[in-house]
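Engineer: Data file final10.txt (compact mmCIF, C-alpha atoms and all ligand atoms) is appended below.
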# COMPACT_ATOMS: atom_id res chain seq x y z
CA MET A 20 -75.35 0.77 0.03
CA LYS A 21 -71.90 -0.51 -0.94
CA GLU A 22 -71.80 -4.30 -1.04
CA GLU A 23 -69.22 -5.86 1.29
CA SER A 24 -66.19 -7.13 -0.61
CA ILE A 25 -65.81 -10.87 -1.08
CA ILE A 26 -62.10 -10.43 -0.46
CA ARG A 27 -61.46 -10.66 3.28
CA PHE A 28 -58.06 -11.26 4.81
CA ALA A 29 -57.34 -13.32 7.90
CA ASP A 30 -57.42 -11.45 11.22
CA ARG A 31 -53.67 -11.72 11.56
CA MET A 32 -53.28 -9.27 8.67
CA ASN A 33 -54.74 -6.55 10.89
CA GLN A 34 -51.74 -6.91 13.16
CA LEU A 35 -49.30 -5.98 10.42
CA PRO A 36 -48.82 -2.21 10.28
CA PRO A 37 -48.10 -0.58 6.90
CA TYR A 38 -44.54 -1.33 5.92
CA LEU A 39 -42.91 2.07 6.44
CA PHE A 40 -39.94 1.31 4.21
CA GLY A 41 -42.48 0.57 1.46
CA MET A 42 -43.18 4.31 1.09
CA ILE A 43 -39.49 5.16 0.77
CA ASN A 44 -38.91 2.31 -1.68
CA LYS A 45 -41.88 3.33 -3.82
CA MET A 46 -40.67 6.91 -3.98
CA LYS A 47 -37.16 5.73 -4.83
CA MET A 48 -38.42 3.54 -7.68
CA GLU A 49 -40.64 6.33 -9.07
CA LYS A 50 -37.71 8.74 -9.03
CA ARG A 51 -35.48 6.22 -10.75
CA TRP A 52 -38.13 5.58 -13.41
CA ARG A 53 -38.13 9.34 -14.02
CA GLY A 54 -34.37 9.15 -14.55
CA ASP A 55 -33.22 10.60 -11.19
CA ASP A 56 -30.00 9.15 -9.82
CA VAL A 57 -31.02 8.15 -6.28
CA ILE A 58 -28.12 7.26 -3.98
CA ASP A 59 -29.49 4.39 -1.94
CA LEU A 60 -28.32 4.18 1.66
CA GLY A 61 -31.69 2.75 2.63
CA MET A 62 -31.77 -1.00 2.36
CA GLY A 63 -28.92 -3.35 3.38
CA ASN A 64 -28.74 -4.79 -0.11
CA PRO A 65 -25.08 -5.42 -1.02
CA ILE A 66 -23.92 -3.96 -4.36
CA ASP A 67 -20.67 -5.91 -4.62
CA PRO A 68 -20.56 -9.25 -6.45
CA ALA A 69 -20.41 -12.71 -4.88
CA PRO A 70 -16.90 -14.24 -5.01
CA GLU A 71 -15.95 -15.26 -8.55
CA THR A 72 -15.26 -18.90 -7.61
CA VAL A 73 -18.75 -19.18 -6.11
CA THR A 74 -20.43 -17.80 -9.24
CA GLU A 75 -18.30 -20.12 -11.42
CA LYS A 76 -19.38 -23.12 -9.37
CA LEU A 77 -23.03 -22.11 -9.66
CA CYS A 78 -22.72 -21.85 -13.48
CA GLU A 79 -20.99 -25.22 -13.67
CA VAL A 80 -23.55 -27.04 -11.53
CA VAL A 81 -26.52 -25.40 -13.25
CA ARG A 82 -25.56 -27.28 -16.44
CA ASP A 83 -26.13 -30.58 -14.68
CA PRO A 84 -29.81 -31.54 -15.03
CA LYS A 85 -29.59 -33.39 -11.72
CA SER A 86 -29.46 -29.98 -10.05
CA HIS A 87 -32.80 -29.10 -11.64
CA ARG A 88 -34.71 -31.61 -9.57
CA TYR A 89 -36.28 -30.94 -6.19
CA PRO A 90 -33.44 -30.44 -3.73
CA VAL A 91 -33.03 -32.13 -0.35
CA ALA A 92 -35.36 -30.03 1.80
CA THR A 93 -33.13 -29.86 4.89
CA GLY A 94 -30.04 -28.97 2.83
CA LEU A 95 -27.42 -31.08 1.06
CA ARG A 96 -25.52 -33.22 3.50
CA ASN A 97 -22.20 -31.85 2.22
CA LEU A 98 -23.32 -28.28 2.79
CA ARG A 99 -24.54 -29.06 6.30
CA ARG A 100 -21.17 -30.68 7.01
CA GLU A 101 -19.31 -27.69 5.57
CA ILE A 102 -21.31 -25.37 7.85
CA ALA A 103 -20.32 -27.57 10.80
CA LYS A 104 -16.65 -27.40 9.72
CA ALA A 105 -16.86 -23.61 9.46
CA TYR A 106 -18.18 -23.43 13.05
CA GLU A 107 -15.29 -25.60 14.24
CA ARG A 108 -12.79 -23.41 12.34
CA ASP A 109 -14.25 -20.02 13.29
CA TYR A 110 -15.64 -20.56 16.78
CA GLY A 111 -14.26 -23.86 18.07
CA VAL A 112 -17.86 -25.15 18.19
CA THR A 113 -18.42 -28.78 17.22
CA LEU A 114 -21.73 -29.41 15.47
CA ASP A 115 -23.26 -32.60 14.15
CA GLY A 116 -24.00 -31.71 10.52
CA ASP A 117 -26.79 -34.29 10.38
CA ARG A 118 -28.71 -33.26 13.47
CA GLU A 119 -27.65 -29.78 14.51
CA VAL A 120 -27.55 -27.96 11.16
CA LEU A 121 -30.38 -27.09 8.78
CA CYS A 122 -30.22 -25.06 5.56
CA THR A 123 -32.77 -22.31 5.02
CA ILE A 124 -33.91 -20.06 2.18
CA GLY A 125 -32.04 -17.17 3.72
CA SER A 126 -32.13 -16.58 7.46
CA LYS A 127 -35.32 -14.49 7.28
CA GLU A 128 -37.29 -17.45 5.96
CA GLY A 129 -35.82 -19.78 8.57
CA LEU A 130 -36.51 -17.40 11.40
CA SER A 131 -40.09 -16.83 10.27
CA HIS A 132 -40.89 -20.50 9.94
CA LEU A 133 -39.18 -21.29 13.21
CA CYS A 134 -41.61 -18.94 14.95
CA LEU A 135 -44.45 -21.02 13.53
CA ALA A 136 -42.86 -24.08 15.10
CA LEU A 137 -42.20 -22.48 18.50
CA VAL A 138 -44.77 -19.76 19.05
CA GLY A 139 -48.55 -19.75 19.15
CA PRO A 140 -51.47 -18.01 20.85
CA GLY A 141 -50.78 -17.54 24.55
CA ASP A 142 -46.99 -17.50 24.09
CA THR A 143 -44.89 -14.41 24.82
CA VAL A 144 -41.75 -13.50 22.92
CA LEU A 145 -39.22 -10.90 24.10
CA VAL A 146 -37.66 -8.78 21.37
CA PRO A 147 -35.16 -5.93 21.78
CA ALA A 148 -36.39 -2.79 20.04
CA PRO A 149 -35.79 -0.98 17.74
CA ALA A 150 -35.79 -4.17 15.72
CA PHE A 151 -35.34 -5.62 12.26
CA PRO A 152 -39.10 -5.93 11.60
CA ILE A 153 -39.26 -9.72 11.13
CA HIS A 154 -37.84 -10.23 14.64
CA ILE A 155 -41.14 -8.86 15.92
CA TYR A 156 -43.58 -9.84 13.20
CA ALA A 157 -42.53 -13.48 12.79
CA ALA A 158 -43.84 -14.00 16.32
CA VAL A 159 -46.91 -11.81 15.72
CA ILE A 160 -47.82 -13.71 12.54
CA ALA A 161 -47.42 -16.96 14.47
CA GLY A 162 -50.06 -15.71 16.92
CA GLY A 163 -47.71 -14.87 19.79
CA GLN A 164 -47.61 -11.85 22.03
CA VAL A 165 -44.50 -9.68 21.70
CA ILE A 166 -42.96 -7.66 24.52
CA ARG A 167 -40.51 -5.12 23.12
CA ILE A 168 -37.57 -4.31 25.34
CA PRO A 169 -35.70 -1.06 24.70
CA MET A 170 -32.25 -2.04 23.48
CA ALA A 171 -30.14 0.29 25.70
CA SER A 172 -26.95 -1.77 26.16
CA PRO A 173 -27.00 -5.59 25.89
CA GLU A 174 -26.22 -5.81 29.61
CA GLU A 175 -29.13 -3.50 30.50
CA LEU A 176 -31.34 -5.40 28.07
CA LEU A 177 -30.69 -8.64 29.95
CA ARG A 178 -31.38 -6.98 33.30
CA ARG A 179 -34.78 -6.00 31.92
CA VAL A 180 -35.34 -9.52 30.58
CA ASP A 181 -34.67 -10.85 34.08
CA ASP A 182 -37.08 -8.33 35.62
CA ILE A 183 -39.84 -9.17 33.15
CA CYS A 184 -39.40 -12.90 33.69
CA ARG A 185 -39.64 -12.46 37.46
CA SER A 186 -42.97 -10.66 37.22
CA LEU A 187 -44.69 -12.21 34.21
CA VAL A 188 -47.02 -15.20 34.44
CA PRO A 189 -46.87 -17.29 32.35
CA LYS A 190 -43.21 -16.61 31.68
CA PRO A 191 -41.95 -15.64 28.22
CA LYS A 192 -41.25 -18.57 25.95
CA LEU A 193 -38.61 -17.11 23.66
CA LEU A 194 -35.99 -14.36 23.56
CA MET A 195 -34.97 -13.08 20.15
CA LEU A 196 -31.40 -11.80 19.98
CA ASN A 197 -29.35 -10.31 17.15
CA PHE A 198 -25.71 -9.27 17.63
CA PRO A 199 -24.17 -7.44 15.80
CA HIS A 200 -27.55 -5.78 15.97
CA ASN A 201 -29.52 -4.31 13.11
CA PRO A 202 -30.27 -1.40 13.28
CA THR A 203 -28.38 -0.17 16.37
CA ALA A 204 -25.00 -1.92 15.74
CA GLU A 205 -24.88 -2.96 19.43
CA LEU A 206 -22.48 -5.84 20.08
CA ALA A 207 -22.58 -8.77 22.47
CA THR A 208 -19.61 -10.09 24.40
CA LEU A 209 -19.33 -13.75 25.37
CA ASP A 210 -20.28 -12.64 28.89
CA VAL A 211 -23.55 -11.23 27.52
CA PHE A 212 -24.32 -14.57 25.84
CA ARG A 213 -23.30 -16.42 29.03
CA GLU A 214 -25.77 -14.31 31.02
CA ALA A 215 -28.49 -14.84 28.38
CA VAL A 216 -28.05 -18.62 28.60
CA SER A 217 -28.07 -18.52 32.36
CA LEU A 218 -31.32 -16.48 32.35
CA ALA A 219 -32.84 -18.85 29.80
CA LYS A 220 -32.14 -21.78 32.10
CA LYS A 221 -33.35 -19.93 35.18
CA HIS A 222 -36.63 -18.76 33.61
CA ARG A 223 -36.98 -21.62 31.13
CA PHE A 224 -37.19 -19.66 27.86
CA MET A 225 -35.61 -20.47 24.51
CA ILE A 226 -33.21 -18.19 22.62
CA VAL A 227 -33.03 -17.54 18.88
CA HIS A 228 -29.91 -15.64 17.85
CA ASP A 229 -29.79 -13.99 14.44
CA PHE A 230 -26.10 -13.83 13.44
CA ALA A 231 -26.54 -12.31 9.96
CA TYR A 232 -23.57 -9.92 10.35
CA SER A 233 -21.17 -12.48 11.83
CA LYS A 234 -18.29 -11.62 9.50
CA ILE A 235 -18.83 -7.96 8.72
CA THR A 236 -16.63 -6.64 11.52
CA PHE A 237 -14.20 -3.73 11.74
CA ASP A 238 -11.05 -2.53 13.51
CA GLY A 239 -10.01 -6.07 14.48
CA TYR A 240 -13.28 -6.79 16.32
CA ARG A 241 -14.44 -10.44 16.18
CA ALA A 242 -18.13 -11.17 16.70
CA PRO A 243 -18.68 -14.17 19.01
CA SER A 244 -21.16 -16.91 18.16
CA PHE A 245 -23.89 -17.52 20.69
CA LEU A 246 -23.01 -21.21 20.52
CA GLU A 247 -19.52 -20.60 21.92
CA VAL A 248 -21.10 -20.40 25.36
CA PRO A 249 -21.36 -23.75 27.13
CA GLY A 250 -25.02 -24.73 27.46
CA ALA A 251 -26.22 -22.43 24.64
CA ARG A 252 -27.23 -25.47 22.66
CA ASP A 253 -29.53 -26.59 25.48
CA VAL A 254 -31.67 -23.49 25.06
CA GLY A 255 -31.47 -22.25 21.52
CA VAL A 256 -30.30 -21.89 17.97
CA GLU A 257 -28.38 -19.43 15.83
CA PHE A 258 -29.18 -18.33 12.29
CA GLY A 259 -26.45 -17.56 9.76
CA SER A 260 -26.64 -16.10 6.29
CA PHE A 261 -24.66 -16.05 3.06
CA SER A 262 -26.36 -12.76 2.09
CA LYS A 263 -23.96 -10.32 3.69
CA SER A 264 -20.62 -12.10 4.15
CA TYR A 265 -20.54 -13.41 0.57
CA ASN A 266 -22.73 -10.81 -1.20
CA MET A 267 -25.25 -13.54 -1.99
CA ALA A 268 -28.40 -11.73 -0.81
CA GLY A 269 -30.40 -12.62 -3.91
CA TRP A 270 -29.33 -16.26 -3.86
CA ARG A 271 -31.36 -16.93 -0.69
CA LEU A 272 -29.11 -19.18 1.34
CA GLY A 273 -28.88 -19.35 5.11
CA TYR A 274 -28.80 -21.86 7.93
CA CYS A 275 -29.93 -22.65 11.44
CA VAL A 276 -27.56 -24.35 13.89
CA GLY A 277 -27.75 -25.47 17.49
CA ASN A 278 -30.39 -27.26 19.54
CA GLU A 279 -31.26 -30.56 17.88
CA GLU A 280 -34.90 -30.57 18.94
CA ILE A 281 -35.53 -27.04 17.68
CA ILE A 282 -33.80 -27.90 14.39
CA ARG A 283 -36.08 -30.93 14.07
CA GLY A 284 -39.16 -28.74 14.64
CA LEU A 285 -38.02 -26.25 12.00
CA ALA A 286 -37.34 -29.08 9.56
CA GLN A 287 -40.84 -30.42 10.17
CA ILE A 288 -42.54 -27.08 9.49
CA LYS A 289 -40.36 -26.45 6.44
CA GLY A 290 -41.15 -29.93 5.18
CA TYR A 291 -44.75 -28.79 4.80
CA TYR A 292 -44.01 -25.35 3.37
CA ASP A 293 -41.08 -25.68 0.99
CA TYR A 294 -38.65 -27.89 -0.89
CA GLY A 295 -35.44 -26.20 0.18
CA ILE A 296 -32.87 -24.33 -1.88
CA PHE A 297 -31.87 -24.89 -5.52
CA SER A 298 -29.08 -27.51 -5.33
CA ALA A 299 -26.71 -25.51 -7.53
CA ILE A 300 -26.85 -22.67 -5.00
CA GLN A 301 -26.19 -25.07 -2.16
CA ILE A 302 -23.13 -26.49 -3.90
CA ALA A 303 -21.85 -22.98 -4.62
CA GLY A 304 -22.42 -22.27 -0.92
CA ILE A 305 -20.00 -25.09 -0.05
CA VAL A 306 -17.32 -23.34 -2.15
CA ALA A 307 -18.08 -20.05 -0.38
CA LEU A 308 -17.52 -21.55 3.06
CA ARG A 309 -14.49 -23.57 2.01
CA ASP A 310 -12.54 -21.16 -0.19
CA CYS A 311 -13.64 -17.59 0.35
CA GLU A 312 -12.36 -16.43 3.73
CA GLU A 313 -10.10 -13.89 2.04
CA ASP A 314 -13.04 -12.51 0.01
CA VAL A 315 -15.01 -12.05 3.22
CA ARG A 316 -12.13 -10.17 4.87
CA ARG A 317 -11.74 -7.96 1.80
CA GLN A 318 -15.46 -7.17 1.79
CA ALA A 319 -15.43 -6.25 5.49
CA ALA A 320 -12.48 -3.91 4.80
CA ILE A 321 -14.51 -2.23 2.04
CA TYR A 322 -17.41 -1.65 4.47
CA GLN A 323 -14.97 -0.30 7.04
CA GLN A 324 -13.62 2.28 4.57
CA ARG A 325 -17.14 3.32 3.60
CA ARG A 326 -18.01 3.61 7.27
CA ASP A 327 -15.07 5.96 7.80
CA VAL A 328 -16.05 8.17 4.87
CA LEU A 329 -19.68 8.29 5.98
CA CYS A 330 -19.00 8.88 9.67
CA SER A 331 -16.45 11.64 9.11
CA GLY A 332 -18.81 13.27 6.61
CA LEU A 333 -21.68 13.16 9.11
CA GLU A 334 -19.42 14.66 11.77
CA ARG A 335 -18.62 17.53 9.42
CA LEU A 336 -22.36 18.09 9.11
CA GLY A 337 -22.36 18.48 12.88
CA TRP A 338 -23.96 15.10 13.61
CA ASP A 339 -22.95 13.14 16.67
CA VAL A 340 -22.07 9.72 15.31
CA THR A 341 -20.54 6.60 16.85
CA PRO A 342 -18.76 4.56 14.17
CA PRO A 343 -20.08 0.97 14.30
CA LYS A 344 -17.68 -1.90 14.97
CA ALA A 345 -19.70 -4.32 12.85
CA GLY A 346 -22.64 -4.67 10.49
CA MET A 347 -23.52 -2.81 7.34
CA PHE A 348 -25.12 0.28 8.83
CA VAL A 349 -24.45 3.55 10.59
CA TRP A 350 -27.19 4.18 13.17
CA VAL A 351 -27.18 7.85 13.97
CA ARG A 352 -29.26 10.15 16.13
CA MET A 353 -30.70 13.04 14.15
CA PRO A 354 -29.37 16.44 15.26
CA GLU A 355 -31.65 18.15 17.75
CA ALA A 356 -32.80 20.74 15.21
CA LEU A 357 -34.09 18.04 12.85
CA ARG A 358 -35.72 15.75 15.43
CA PRO A 359 -39.07 17.57 15.71
CA MET A 360 -39.63 16.85 12.01
CA GLY A 361 -39.53 13.11 12.71
CA SER A 362 -37.37 10.53 10.96
CA MET A 363 -39.98 9.61 8.34
CA LYS A 364 -40.59 13.18 7.20
CA PHE A 365 -36.85 13.86 7.13
CA ALA A 366 -36.18 10.72 5.04
CA LEU A 367 -38.93 11.70 2.58
CA GLU A 368 -37.66 15.29 2.31
CA LEU A 369 -34.12 14.05 1.79
CA MET A 370 -35.25 11.73 -0.96
CA GLU A 371 -37.36 14.40 -2.63
CA ARG A 372 -34.80 17.20 -2.44
CA GLY A 373 -31.47 15.40 -2.35
CA ASN A 374 -32.03 12.09 -4.15
CA VAL A 375 -30.62 10.24 -1.14
CA ALA A 376 -32.51 7.29 0.37
CA VAL A 377 -32.01 6.52 4.06
CA ALA A 378 -34.02 4.30 6.43
CA PRO A 379 -36.01 6.32 9.01
CA GLY A 380 -35.57 5.02 12.56
CA ILE A 381 -39.33 4.84 13.08
CA GLY A 382 -39.38 2.02 10.51
CA PHE A 383 -37.74 -0.17 13.20
CA GLY A 384 -40.40 0.71 15.76
CA GLU A 385 -41.18 3.78 17.82
CA GLU A 386 -38.01 3.15 19.86
CA GLY A 387 -36.09 4.10 16.71
CA GLU A 388 -37.72 7.51 16.29
CA GLY A 389 -35.17 10.32 16.16
CA TYR A 390 -32.62 8.09 14.45
CA LEU A 391 -31.65 7.24 10.88
CA ARG A 392 -30.03 4.11 9.55
CA LEU A 393 -27.59 4.58 6.67
CA ALA A 394 -26.45 1.46 4.83
CA LEU A 395 -22.86 1.15 3.60
CA VAL A 396 -23.96 -0.17 0.23
CA GLU A 397 -22.78 2.60 -2.08
CA ASN A 398 -19.14 3.17 -3.01
CA GLU A 399 -17.03 5.84 -1.33
CA HIS A 400 -17.44 8.28 -4.21
CA ARG A 401 -21.22 8.04 -4.04
CA ILE A 402 -21.23 8.27 -0.25
CA ARG A 403 -19.32 11.59 -0.55
CA GLN A 404 -21.83 12.69 -3.15
CA ALA A 405 -24.70 11.68 -0.83
CA LEU A 406 -23.16 13.75 1.98
CA ARG A 407 -23.00 16.82 -0.27
CA GLN A 408 -26.61 16.32 -1.30
CA MET A 409 -27.65 15.83 2.33
CA ARG A 410 -25.92 19.05 3.28
CA ARG A 411 -27.64 20.99 0.51
CA SER A 412 -31.06 19.49 1.33
CA ILE A 413 -30.74 20.24 5.06
CA GLN A 414 -29.72 23.81 4.24
CA GLU A 415 -32.85 24.12 2.08
CA MET A 416 -35.04 22.68 4.86
CA CYS A 417 -33.61 25.25 7.30
CA ASP A 418 -34.05 28.10 4.79
CA GLU A 419 -37.68 27.13 4.29
CA GLY A 420 -38.36 27.01 8.04
CA LEU A 421 -38.78 23.22 8.28
CA ALA A 422 -35.94 23.26 10.82
CA PRO A 423 -34.08 26.00 12.73
CA PRO A 424 -30.73 27.17 11.28
CA MET A 425 -27.92 24.65 11.75
CA LYS A 426 -24.13 24.97 11.75
CA MET A 427 -22.52 22.73 9.14
CA ALA A 428 -18.88 22.70 8.04
CA ALA A 429 -18.25 23.19 4.34
CA ALA A 430 -18.77 20.05 2.26
CA ARG A 431 -15.69 18.27 0.85
C1 LIG B 501 -30.59 -8.82 11.20
C2 LIG B 501 -30.92 -9.42 9.90
N1 LIG B 501 -31.31 -10.71 9.85
C3 LIG B 501 -31.64 -11.30 8.70
C4 LIG B 501 -31.59 -10.60 7.50
C5 LIG B 501 -31.99 -11.30 6.25
O1 LIG B 501 -31.02 -12.21 5.90
P1 LIG B 501 -31.28 -13.26 4.75
O2 LIG B 501 -30.94 -12.59 3.47
O3 LIG B 501 -30.33 -14.38 5.08
O4 LIG B 501 -32.69 -13.70 4.81
C6 LIG B 501 -31.20 -9.27 7.49
C7 LIG B 501 -31.20 -8.53 6.23
O5 LIG B 501 -31.12 -7.35 6.13
C8 LIG B 501 -30.87 -8.67 8.72
O6 LIG B 501 -30.51 -7.39 8.77
How does the structure come out when it is put into structure tokens?
Structural biologist:
Amino acid sequence: MKEESIIRFADRMNQLPPYLFGMINKMKMEKRWRGDDVIDLGMGNPIDPAPETVTEKLCEVVRDPKSHRYPVATGLRNLRREIAKAYERDYGVTLDGDREVLCTIGSKEGLSHLCLALVGPGDTVLVPAPAFPIHIYAAVIAGGQVIRIPMASPEELLRRVDDICRSLVPKPKLLMLNFPHNPTAELATLDVFREAVSLAKKHRFMIVHDFAYSKITFDGYRAPSFLEVPGARDVGVEFGSFSKSYNMAGWRLGYCVGNEEIIRGLAQIKGYYDYGIFSAIQIAGIVALRDCEEDVRRQAAIYQQRRDVLCSGLERLGWDVTPPKAGMFVWVRMPEALRPMGSMKFALELMERGNVAVAPGIGFGEEGEGYLRLALVENEHRIRQALRQMRRSIQEMCDEGLAPPMKMAAAR
């Protein structure tokens, strides 16, 4: 009889399903090791560099041994103040940099640790789905119960939140929001946030708003901050990130702003877990906020152009696509003929045959099945190339009987 292994994980590990993107990533890496040129529209990992002035500042500060010491865990005071100034400038929201702002090791870390501070066994968290996985699993890991609410429109989503709160005992403790939304690219208006705050007060739940794509907006659209709504600060916090706006994804710098008590709780948890962010990165972050508005605008314009190339290419393939107004992704329903195959199988076939990586909708939960998420993180030339390779691969799949014949316009 086989002896039972000494290695036994905690029960909470059983609640974490296999990471579906892991399979795609593994296949991508194996192909690349074999020398294949995989065009990666899978992960939202920016390819463009951080602003030059920010990198220069990092290099300068790194030479100062003072920056090599443990940093201030809650974030340098000057960075917290700069974040507050940016909120005043961009949203007309006045924040106390000492009490209402906290720096985090990217927003994903902050959000995860915040769930440990707010959520525990017996608590229910409402999360729109499909979802960026940590929006669900931060609460699951913390021991909470998650109710997934189909995203539909933000207005419909809030109607369902209201319905659930009326019928559920005990009532949900937290609502997780994320606009511009990953993966669906849904947007919130200030009215949506106003309604969310009003529901939070009525049903006494807290709100965490993930604002990672605050500045990646197109066609003149401006994404509102949750904190612009009067009373938002009474019920919740907002997370921001340097990863997308400033192409600093690998630097790991983000922040949490809003309700003072929640910020204090997050600081307490983080005080046990970590020592904060390398000071040189924090100082470079101050330069980003202070001097790089033009860089951010330029970067958003680059994403917009890539979006246009990708969306018109998908239309030529006969796909029904709605160009997003914000974010780094095109969220597109698979054509009817391809849907029976499932998004995972299609993504794997596309990778195998066409050397194009895309994120299957099922990776964001079953509500995402039938969809694909394509990230705007390759240049226009490579996006065109990806579209040609997609066309060829789909043609092959149809020829081999994996899908019925499909009408596609000639590739450009
Ligand atoms: C909605 C959303 N929130 C948070 C993150 C992670 O941001 P950060 O790099 O600040 O941890 C991402 C990254 O893809 C994201 O899509």
Engineer: Hey, can you check how far CA of Ala299 (chain A) sits from CA of Ala136 (chain A)?
Structural biologist: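 Calculated distance between CA of Ala299 (chain A) and CA of Ala136 (chain A) is 27.8 Å.
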Engineer: Find the residues near ligand LIG 501 (chain B). Use a cut-off of 6 Å, count all atoms listed in the file, and write them as a PyMOL selection string.
Structural biologist: chain A and resi 63+125-127+151+201+229+231+260+262+268+273
Engineer: Write out, as CSV, each residue of region 165-200 of chain A that has an atom at most 10 Å from region 374-397 of chain A, together with the closest pair of atoms and their distance in Å to one decimal, counting only C-alpha atoms, rows going by chain and rising number.
Structural biologist:
residue,atom,partner,partner_atom,distance
A:Arg167,CA,A:Glu386,CA,9.2
A:Ile168,CA,A:Glu386,CA,9.3
A:Pro169,CA,A:Glu386,CA,6.8
A:Met170,CA,A:Glu386,CA,8.6
Engineer: Go ahead and write the residues just picked, C-alpha atoms, as a compact mmCIF listing (two decimals), keeping the file's coordinate frame.
Structural biologist:
# COMPACT_ATOMS: atom_id res chain seq x y z
CA ARG A 167 -40.51 -5.12 23.12
CA ILE A 168 -37.57 -4.31 25.34
CA PRO A 169 -35.70 -1.06 24.70
CA MET A 170 -32.25 -2.04 23.48
Engineer: Determine, counting all atoms listed in the file, which protein, DNA and RNA residues have an atom within 12 Å of an atom of region 411-424 of chain A; residues of the same chain fewer than 6 positions away are not included. Present the result as a list in words.
Structural biologist: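 The residues that qualify are Leu336, Gly337, Met353, Pro354, Glu355, Ala356, Leu357, Arg358, Pro359, Met360, Gly361, Lys364, Phe365, Ala366, Leu367, Glu368, Leu369, Met370, Glu371, Arg372, Gly373, Asn374, Val375, Gln404, Ala405 and Ala430 of chain A.
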Engineer: For the contact check between region 336-409 of chain A and region 237-257 of chain A, emit one row per residue of region 336-409 of chain A within 10 Å, containing the shortest atom pair and the distance in Å rounded to one decimal, counting all atoms listed in the file, chain then rising number order, as CSV.
Structural biologist:
residue,atom,partner,partner_atom,distance
A:Pro342,CA,A:Phe237,CA,9.8
A:Pro343,CA,A:Phe237,CA,8.0
A:Lys344,CA,A:Phe237,CA,5.1
A:Ala345,CA,A:Phe237,CA,5.6
A:Gly346,CA,A:Phe237,CA,8.6
Engineer: Restricting it to C-alpha atoms, dump the selection as a compact mmCIF listing (two decimals), in the coordinates of the input.
Structural biologist:
# COMPACT_ATOMS: atom_id res chain seq x y z
CA PRO A 342 -18.76 4.56 14.17
CA PRO A 343 -20.08 0.97 14.30
CA LYS A 344 -17.68 -1.90 14.97
CA ALA A 345 -19.70 -4.32 12.85
CA GLY A 346 -22.64 -4.67 10.49
Engineer: For Trp338 (chain A), which residue among A:Val144, A:Phe40, A:Met427, A:Arg407 is the nearest when counting only C-alpha atoms?
Structural biologist: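 Checking each of A:Val144, A:Phe40, A:Met427, A:Arg407 against Trp338 (chain A), counting only C-alpha atoms, the winner is A:Met427.
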Engineer: Between CA of Arg96 (chain A) and CA of Ile288 (chain A), what is the distance, to one decimal in Å?
Structural biologist: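 Value for the CA of Arg96 (chain A)-CA of Ile288 (chain A) distance: 19.1 Å.
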Engineer: Any idea what the distance is between CA of Val112 (chain A) and CA of Gln318 (chain A)?
Structural biologist: 24.5 Å
Engineer: Name all residues at most 10 Å from Arg118 (chain A) (count all atoms listed in the file; drop same-chain ones fewer than 4 positions away) and give them as a ChimeraX atom specification.
Structural biologist: /A:99,114,276-280,282-283
